[in-house]
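Below is one structure, written out as structure tokens, with a few remarks after it.
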Amino acid sequence: MPRFSVIVPVHRVQAYLHQCLESVLTQSFTDLELIAVDDRSPDACGAVLDEFAARDPRVRVVHLPVNGGLGPARNAGTAEATGDYLIYLDGDDTLAPGALRSIADRLTATGDPEVLVYGFARADWTGRAVPDEVRAPLAHDGPAPFRLADRPELLRVLMVAWNKACRRDFVAREGLSFPAGYYEDTPWTYPVLLTARSIATLDRVCVHYRQRPGSILGTADRRHLDVFDQYDRLFAFLDRRPELDCWRPALYRRMVDHLGTVGTRPGRVPRGCRREFWRRARAHCRRHRAPGPRPAARTRLRHALVRLGLHRTFRALLRAAALRRRAAGAATGVLRALRAVLLQAHYRVQLCLPVRADRAVFAAYWGRGYGCSPGALEAAVREVAPHIRTAWIARPEHRDTVPAGVRRLTPGTAAYWTALARSKYLVNNVNFDRRLVKRPAQVFVQTQHGTPLKHMGLDLQEHPAAARGMDFAELLRNTAKWDYVLSGNRHTTLTWERVYPGRYTTLEYGLPRNDVFQRATPADVARLRAALGVPEGAVALLYAPTHRDHRRTQQPPLDLERLLCRLGPRFVVLARAHCFHDGPLDSAAPLTGEGGSRVIDVSGHPRVEKLCLASDALITDYSSLMFDYANLDRPIVLLTDDWAAYEAVRGVYFDVRECPPGAVAHSADELADLLSGEHWRGADSARLRAAFRERFCPWDDGRAAERVVRHVVLGQRDEASGLPPVVPPGRRRPAPSRAATAHGRSRLATVPQPAGPQTVTESR
């Protein structure tokens, strides 16, 4: 008997069916059966299902003689199911990678409840998956399992079949089934929650719900009036179960909300059916009305309009609200433009005032927060040149990353423009606002943010897909403002001076952001791991892929949950998305904790250097992070599965596969094989890493920031005047990894070998 029966009703979804089925069959949790129900689909869906069944014994296909709709198709699949739990998935949706593993772990952790409700993300035509906004009821706070009376807010979660796992014996005991017609989920999901004796939640995106043109909810059809029959069925169920009568007011409110949505949402109820719809809505509200707590004023008005069937008034109010929003938006735009004019006038006045020689302003990554080389330089200024008053530019959501005692500046404010106009020292790893006027008395230190492997600057003229409309004339204007550019190695120096031509001085002192690798202690590493939630005794792999210009979405080809399943319980992954990727590497990836996942999303962490210190090894592809991480002398593994595409679209300065910092995998499965063996952490990899470090980390000895500050601020140009000499790589002692120091021996050398071959490639 399998753990899960995944039931997939199929009708006219041939373009999406392969992706749907693959998302189930490639799950890291394999104890399942997939029951696909061909609802008499007129396209090739039936043939596709038969092909999958011939290929995988876990697939069973039910061909229905007539088209009955989603409800009867799900019932047919339920009748064939043999698993402990029923999971429903529509034929154009997909399971998120690792979803079944997380569901199984959560079920086990909560004592096999009758119902588990999990999260989902809406996927639009761009492929971008956005988690549902109503996620608070899915939090793991409080005891689990529970009954609906303990967490009534669960009724606010979208009432659909495909965000729940239900025990098959519970469904059979309660005699639950789906009706025919549209909105078939309504008289099924509410009874599921009302009658379940034990419920648990999983705050993880497990389903990607595809919102596509031509779907049921986007098609005007008389069958949208089926919603009335479905609520009649729901309240008839309550009539048969008087012990559930206390839920009638809540369900009545949910019904009124639902009817208002169906009746006013464009593209649902055809014009010729609107009068009938609102007449029936009025009748339903009278028939099923149940007294209860008074809702908020806005909700009371909405409910009153539905109860009275005043659809014209309802639509007029919606149009008035839309007009009010547009008018407010226009007024806001005018005020914003006026504010911008006043701020620029203020800036021009400040430019006429003297430059303050004791002021320095810092920023990094377009105001994302304190860190990188500007952060290291700001700390060094306070230590080496305390007479300089420092300020940091950060957007409001990142202000908490700025250390206490450092003045915080919000971009676009009067204080921000004053600082840019009158501070002597300007430090950034990107460019400041393009309207910045660089004054002769000011000093601009451009730190950059890493060693270049991919083409940058003027070289992107040959790669329009990567340049994406870059203004190269603007690039040269910005470069002309730089006084100093930092470099970590000779390759970087030669590259920057060619692709960013200017009259600046290159400071070959190393990258300040890497100083922490030589200065941190084992106690610092232990504190960082504890703060991130890395379990004691675990081997932490930092996974940090770079941005792909040749991909529409930035989801990586590596299924982290499946990889961890292959490697065993001693491993965890710190998953770090590129800063251009808005969100975690996988919207389904939760933090370590309840639910059993060992993937820790660290995409929002402000300091990548601290993530490097907390990890025991790095997995990356073409990210410049490899050059920084080499300073730690910890294992590095490269995944170069799409090298040809990356090289063609972005361009590279050399083939990193020919001089890698460690082991190289050419596919996700090969990566899993490497990590399961010894080579990636052995002597050969150590030799590769040492040669890589000699070439690309010659000056990163832990005092780069001090050298820059002494040169730029104090005027010390050489060792005779006080500039610290560079410590050779062979004499440096970087912070050891936790796995290498715990109990006096390396855990990396004692990782147990996993048994059994498994693939880890994710199908998307």
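Ligands are numbered from 1 in the order shown, chains are lettered A, B, ... in the order of the structure tokens, and residues start at 1 in each chain.
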
Pull the closest atom pair for each residue of range 307-379 of chain A that gets at most 12 Å from range 439-461 of chain A, along with the distance in Å to one decimal, counting only C-alpha atoms, ordering rows by chain and then ascending residue number, as CSV.
```
residue,atom,partner,partner_atom,distance
A:Arg348,CA,A:Arg439,CA,12.0
A:Gln350,CA,A:Arg439,CA,11.4
A:Leu351,CA,A:Arg439,CA,8.1
A:Cys352,CA,A:Arg439,CA,10.2
A:Leu353,CA,A:Arg439,CA,11.1
A:Pro354,CA,A:Ala441,CA,9.1
A:Val355,CA,A:Ala441,CA,6.8
A:Arg356,CA,A:Gln442,CA,9.1
A:Ala357,CA,A:Gln442,CA,8.6
A:Asp358,CA,A:Gln442,CA,11.3
A:Arg359,CA,A:Gln442,CA,10.2
A:Ala360,CA,A:Val443,CA,9.3
A:Val361,CA,A:Phe444,CA,9.9
A:Phe362,CA,A:Val445,CA,9.5
A:Ala363,CA,A:Gln446,CA,10.4
A:Ala364,CA,A:His449,CA,9.1
A:Tyr365,CA,A:His449,CA,8.9
A:Gly371,CA,A:His449,CA,10.5
A:Cys372,CA,A:His449,CA,7.1
A:Ser373,CA,A:Thr447,CA,6.3
A:Pro374,CA,A:Thr447,CA,6.9
A:Gly375,CA,A:Thr447,CA,10.4
A:Ala376,CA,A:Thr447,CA,10.5
A:Leu377,CA,A:Thr447,CA,9.4
A:Glu378,CA,A:Val445,CA,11.7
```

Take the residues from that selection and write them out as an mmCIF file, in the first residue's frame, keeping N, CA, C and O atoms.
```cif
data_model
loop_
_atom_site.group_PDB
_atom_site.id
_atom_site.type_symbol
_atom_site.label_atom_id
_atom_site.label_comp_id
_atom_site.auth_asym_id
_atom_site.auth_seq_id
_atom_site.Cartn_x
_atom_site.Cartn_y
_atom_site.Cartn_z
ATOM 1 N N ARG A 348 21.194 71.079 -5.592
ATOM 2 C CA ARG A 348 21.979 72.115 -6.272
ATOM 3 C C ARG A 348 22.480 73.161 -5.279
ATOM 4 O O ARG A 348 23.607 73.671 -5.416
ATOM 5 N N GLN A 350 23.151 72.537 -2.105
ATOM 6 C CA GLN A 350 24.198 71.883 -1.327
ATOM 7 C C GLN A 350 25.513 71.801 -2.097
ATOM 8 O O GLN A 350 26.600 71.853 -1.506
ATOM 9 N N LEU A 351 25.426 71.682 -3.421
ATOM 10 C CA LEU A 351 26.645 71.624 -4.232
ATOM 11 C C LEU A 351 27.434 72.937 -4.182
ATOM 12 O O LEU A 351 28.634 72.953 -4.507
ATOM 13 N N CYS A 352 26.787 74.004 -3.808
ATOM 14 C CA CYS A 352 27.468 75.299 -3.714
ATOM 15 C C CYS A 352 28.170 75.482 -2.371
ATOM 16 O O CYS A 352 28.936 76.445 -2.202
ATOM 17 N N LEU A 353 27.915 74.590 -1.414
ATOM 18 C CA LEU A 353 28.515 74.697 -0.088
ATOM 19 C C LEU A 353 29.806 73.890 -0.033
ATOM 20 O O LEU A 353 30.013 72.974 -0.839
ATOM 21 N N PRO A 354 30.692 74.165 0.917
ATOM 22 C CA PRO A 354 31.989 73.470 0.967
ATOM 23 C C PRO A 354 31.830 71.973 1.229
ATOM 24 O O PRO A 354 30.910 71.531 1.927
ATOM 25 N N VAL A 355 32.760 71.207 0.667
ATOM 26 C CA VAL A 355 32.832 69.772 0.943
ATOM 27 C C VAL A 355 33.369 69.575 2.357
ATOM 28 O O VAL A 355 34.314 70.253 2.781
ATOM 29 N N ARG A 356 32.770 68.627 3.089
ATOM 30 C CA ARG A 356 33.190 68.354 4.461
ATOM 31 C C ARG A 356 34.267 67.271 4.446
ATOM 32 O O ARG A 356 33.992 66.115 4.125
ATOM 33 N N ALA A 357 35.470 67.626 4.819
ATOM 34 C CA ALA A 357 36.600 66.702 4.731
ATOM 35 C C ALA A 357 36.517 65.559 5.731
ATOM 36 O O ALA A 357 37.248 64.565 5.599
ATOM 37 N N ASP A 358 35.666 65.678 6.735
ATOM 38 C CA ASP A 358 35.560 64.628 7.758
ATOM 39 C C ASP A 358 34.323 63.760 7.576
ATOM 40 O O ASP A 358 33.873 63.106 8.519
ATOM 41 N N ARG A 359 33.762 63.722 6.367
ATOM 42 C CA ARG A 359 32.541 62.940 6.129
ATOM 43 C C ARG A 359 32.788 61.900 5.028
ATOM 44 O O ARG A 359 33.467 62.180 4.035
ATOM 45 N N ALA A 360 32.201 60.729 5.224
ATOM 46 C CA ALA A 360 32.255 59.663 4.221
ATOM 47 C C ALA A 360 30.886 59.000 4.152
ATOM 48 O O ALA A 360 30.241 58.778 5.190
ATOM 49 N N VAL A 361 30.439 58.708 2.953
ATOM 50 C CA VAL A 361 29.145 58.054 2.765
ATOM 51 C C VAL A 361 29.364 56.760 1.994
ATOM 52 O O VAL A 361 30.125 56.725 1.025
ATOM 53 N N PHE A 362 28.704 55.710 2.439
ATOM 54 C CA PHE A 362 28.892 54.363 1.902
ATOM 55 C C PHE A 362 27.551 53.793 1.426
ATOM 56 O O PHE A 362 26.493 54.142 1.957
ATOM 57 N N ALA A 363 27.638 52.878 0.463
ATOM 58 C CA ALA A 363 26.447 52.162 -0.003
ATOM 59 C C ALA A 363 26.904 50.887 -0.698
ATOM 60 O O ALA A 363 28.071 50.748 -1.093
ATOM 61 N N ALA A 364 25.968 49.947 -0.854
ATOM 62 C CA ALA A 364 26.270 48.684 -1.542
ATOM 63 C C ALA A 364 25.000 48.139 -2.163
ATOM 64 O O ALA A 364 23.916 48.259 -1.590
ATOM 65 N N TYR A 365 25.157 47.558 -3.344
ATOM 66 C CA TYR A 365 24.055 46.837 -4.002
ATOM 67 C C TYR A 365 22.758 47.649 -4.049
ATOM 68 O O TYR A 365 21.692 47.194 -3.656
ATOM 69 N N GLY A 371 27.119 45.809 3.930
ATOM 70 C CA GLY A 371 27.875 44.607 3.614
ATOM 71 C C GLY A 371 28.863 44.816 2.498
ATOM 72 O O GLY A 371 29.165 45.936 2.086
ATOM 73 N N CYS A 372 29.394 43.693 2.000
ATOM 74 C CA CYS A 372 30.368 43.636 0.922
ATOM 75 C C CYS A 372 31.594 44.499 1.284
ATOM 76 O O CYS A 372 31.830 44.836 2.436
ATOM 77 N N SER A 373 32.382 44.871 0.303
ATOM 78 C CA SER A 373 33.595 45.649 0.571
ATOM 79 C C SER A 373 33.315 47.032 1.157
ATOM 80 O O SER A 373 34.060 47.501 2.030
ATOM 81 N N PRO A 374 32.255 47.749 0.719
ATOM 82 C CA PRO A 374 31.960 49.023 1.391
ATOM 83 C C PRO A 374 31.719 48.860 2.889
ATOM 84 O O PRO A 374 32.120 49.719 3.690
ATOM 85 N N GLY A 375 31.072 47.770 3.306
ATOM 86 C CA GLY A 375 30.858 47.538 4.724
ATOM 87 C C GLY A 375 32.170 47.344 5.467
ATOM 88 O O GLY A 375 32.373 47.876 6.569
ATOM 89 N N ALA A 376 33.082 46.559 4.869
ATOM 90 C CA ALA A 376 34.384 46.354 5.500
ATOM 91 C C ALA A 376 35.174 47.658 5.570
ATOM 92 O O ALA A 376 35.872 47.931 6.562
ATOM 93 N N LEU A 377 35.068 48.488 4.533
ATOM 94 C CA LEU A 377 35.775 49.766 4.536
ATOM 95 C C LEU A 377 35.181 50.731 5.571
ATOM 96 O O LEU A 377 35.922 51.477 6.224
ATOM 97 N N GLU A 378 33.861 50.727 5.714
ATOM 98 C CA GLU A 378 33.235 51.605 6.705
ATOM 99 C C GLU A 378 33.726 51.245 8.110
ATOM 100 O O GLU A 378 34.082 52.140 8.907
#
```

Counting only C-alpha atoms, which residues in range 25-61 of chain A sit no more than 12 Å from range 562-570 of chain A? For each one, give the nearest pair of atoms and the distance in Å, sorted by chain then residue number, as a tab-separated table.
```
residue	atom	partner	partner_atom	distance
A:Thr26	CA	A:Arg562	CA	9.1
A:Gln27	CA	A:Arg562	CA	7.4
A:Ser28	CA	A:Arg562	CA	4.8
A:Phe29	CA	A:Arg562	CA	8.2
A:Thr30	CA	A:Arg562	CA	10.6
```

*Please give the complete set of residues from range 291-536 of chain A that DSSP, run on the backbone, assigns to strand (DSSP E or B), formatted as an NGL selection string.*
:A and (356-362 or 389-393 or 407-409 or 423-428 or 443-446 or 454 or 484-486 or 505-507)

*Residues within 9 Å of Arg197 in chain A, only C-alpha atoms, excluding chain neighbours under 3 positions, as JSON, numbers by chain*: {"A": [113, 114, 115, 145, 146, 147, 148, 193, 194]}

*Could you pull out all residues of range 121-303 of chain A with a DSSP call of helix (DSSP H, G or I) and give them as a ChimeraX atom specification?*
/A:136-138,148-150,152-156,161-163,168-174,186-195,216-218,222-240,242-264,271-288,297-303

*asked:* If we count only C-alpha atoms and set the cut-off at 6 Å, which residues sit around range 225-230 of chain A, ignoring sequence neighbours fewer than 3 positions away in its own chain? Please answer as a list of chain:residue names.
replied: A:Tyr182, A:Tyr183, A:Pro187, A:Arg222, A:Arg233

*Work out how far CA of Glu80 in chain A is from CA of Tyr231 in chain A, in Å to one decimal.*
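Atom-to-atom, CA of Tyr231 in chain A to CA of Glu80 in chain A, that is 27.6 Å.
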
*Considering only C-alpha atoms, state which residue in the set A:Ala530, A:Leu343, A:Ala380, A:Ala391 is at the smallest distance from Trp417 in chain A.*
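Nearest candidate to Trp417 in chain A out of A:Ala530, A:Leu343, A:Ala380, A:Ala391: A:Leu343.
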
*Which residues come within 10 Å of Leu251 in chain A, counting only C-alpha atoms, excluding same-chain residues fewer than 2 positions away, as a PyMOL selection string?*
chain A and resi 155+190+231+234-235+246-249+253-257+288-290

*Just give me the gap between CA of Val130 in chain A and CA of Ala109 in chain A in Å, one decimal is fine.*
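Interatomic distance here is 27.1 Å.
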
*asked:* With only C-alpha atoms as the counted atoms, please give the residues lying no more than 6 Å from range 56-73 of chain A, apart from itself and same-chain residues fewer than 6 positions off, as a ChimeraX atom specification.
replied: /A:9,33-40,178-180,184

Output the selection as a short mmCIF file (atom, residue, chain, number, x, y, z; two decimals), in the first residue's frame - N, CA and C atoms for each residue.
```
data_model
loop_
_atom_site.label_atom_id
_atom_site.label_comp_id
_atom_site.auth_asym_id
_atom_site.auth_seq_id
_atom_site.Cartn_x
_atom_site.Cartn_y
_atom_site.Cartn_z
N PRO A 9 -7.08 14.51 -12.48
CA PRO A 9 -8.10 14.52 -13.54
C PRO A 9 -7.56 15.29 -14.75
N GLU A 33 1.47 6.27 -5.74
CA GLU A 33 0.85 5.84 -6.99
C GLU A 33 0.20 7.07 -7.62
N LEU A 34 0.27 7.13 -8.93
CA LEU A 34 -0.32 8.25 -9.66
C LEU A 34 -1.50 7.71 -10.45
N ILE A 35 -2.68 8.17 -10.10
CA ILE A 35 -3.90 7.73 -10.79
C ILE A 35 -4.36 8.88 -11.67
N ALA A 36 -4.18 8.72 -12.96
CA ALA A 36 -4.55 9.76 -13.92
C ALA A 36 -5.87 9.38 -14.57
N VAL A 37 -6.82 10.28 -14.54
CA VAL A 37 -8.17 10.02 -15.04
C VAL A 37 -8.39 10.82 -16.32
N ASP A 38 -8.46 10.12 -17.42
CA ASP A 38 -8.75 10.75 -18.71
C ASP A 38 -10.25 11.02 -18.80
N ASP A 39 -10.62 12.28 -18.61
CA ASP A 39 -12.04 12.66 -18.59
C ASP A 39 -12.53 12.87 -20.02
N ARG A 40 -12.38 11.84 -20.81
CA ARG A 40 -12.80 11.85 -22.22
C ARG A 40 -12.26 13.10 -22.93
N PHE A 178 -17.10 14.30 -4.69
CA PHE A 178 -17.22 15.56 -5.43
C PHE A 178 -18.49 15.54 -6.28
N PRO A 179 -19.24 16.65 -6.32
CA PRO A 179 -20.39 16.73 -7.22
C PRO A 179 -19.95 17.12 -8.62
N ALA A 180 -20.86 17.06 -9.56
CA ALA A 180 -20.60 17.54 -10.91
C ALA A 180 -20.75 19.06 -10.95
N GLU A 184 -16.92 22.63 -7.87
CA GLU A 184 -17.13 21.34 -7.21
C GLU A 184 -16.33 21.21 -5.92
#
```

Give me the range 688-752 of chain A side of the contact with range 485-508 of chain A, cut-off 8 Å, one line per residue showing its nearest atom pair and distance in Å at one decimal, counting only C-alpha atoms, sorted by chain and residue number, as CSV.
```
residue,atom,partner,partner_atom,distance
A:Arg695,CA,A:Asn489,CA,7.4
A:Phe696,CA,A:Asn489,CA,5.4
A:Cys697,CA,A:Asn489,CA,6.3
A:Pro698,CA,A:Asn489,CA,6.3
A:Trp699,CA,A:Gly488,CA,6.4
A:Asp700,CA,A:Gly488,CA,7.0
A:Val708,CA,A:Leu507,CA,7.4
```

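Compared by their closest atoms to Val13 in chain A, and using only C-alpha atoms, the residues A:His605, A:Arg210, A:Arg168, A:Arg122 rank with A:Arg210 nearest.
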
*Identify, on the basis of only C-alpha atoms, every residue whose closest approach to range 721-723 of chain A does not exceed 10 Å; exclude the query and any residue fewer than 3 positions from it along the same chain; express the result as number ranges by chain.*
A: 703, 706-711, 714-718, 726
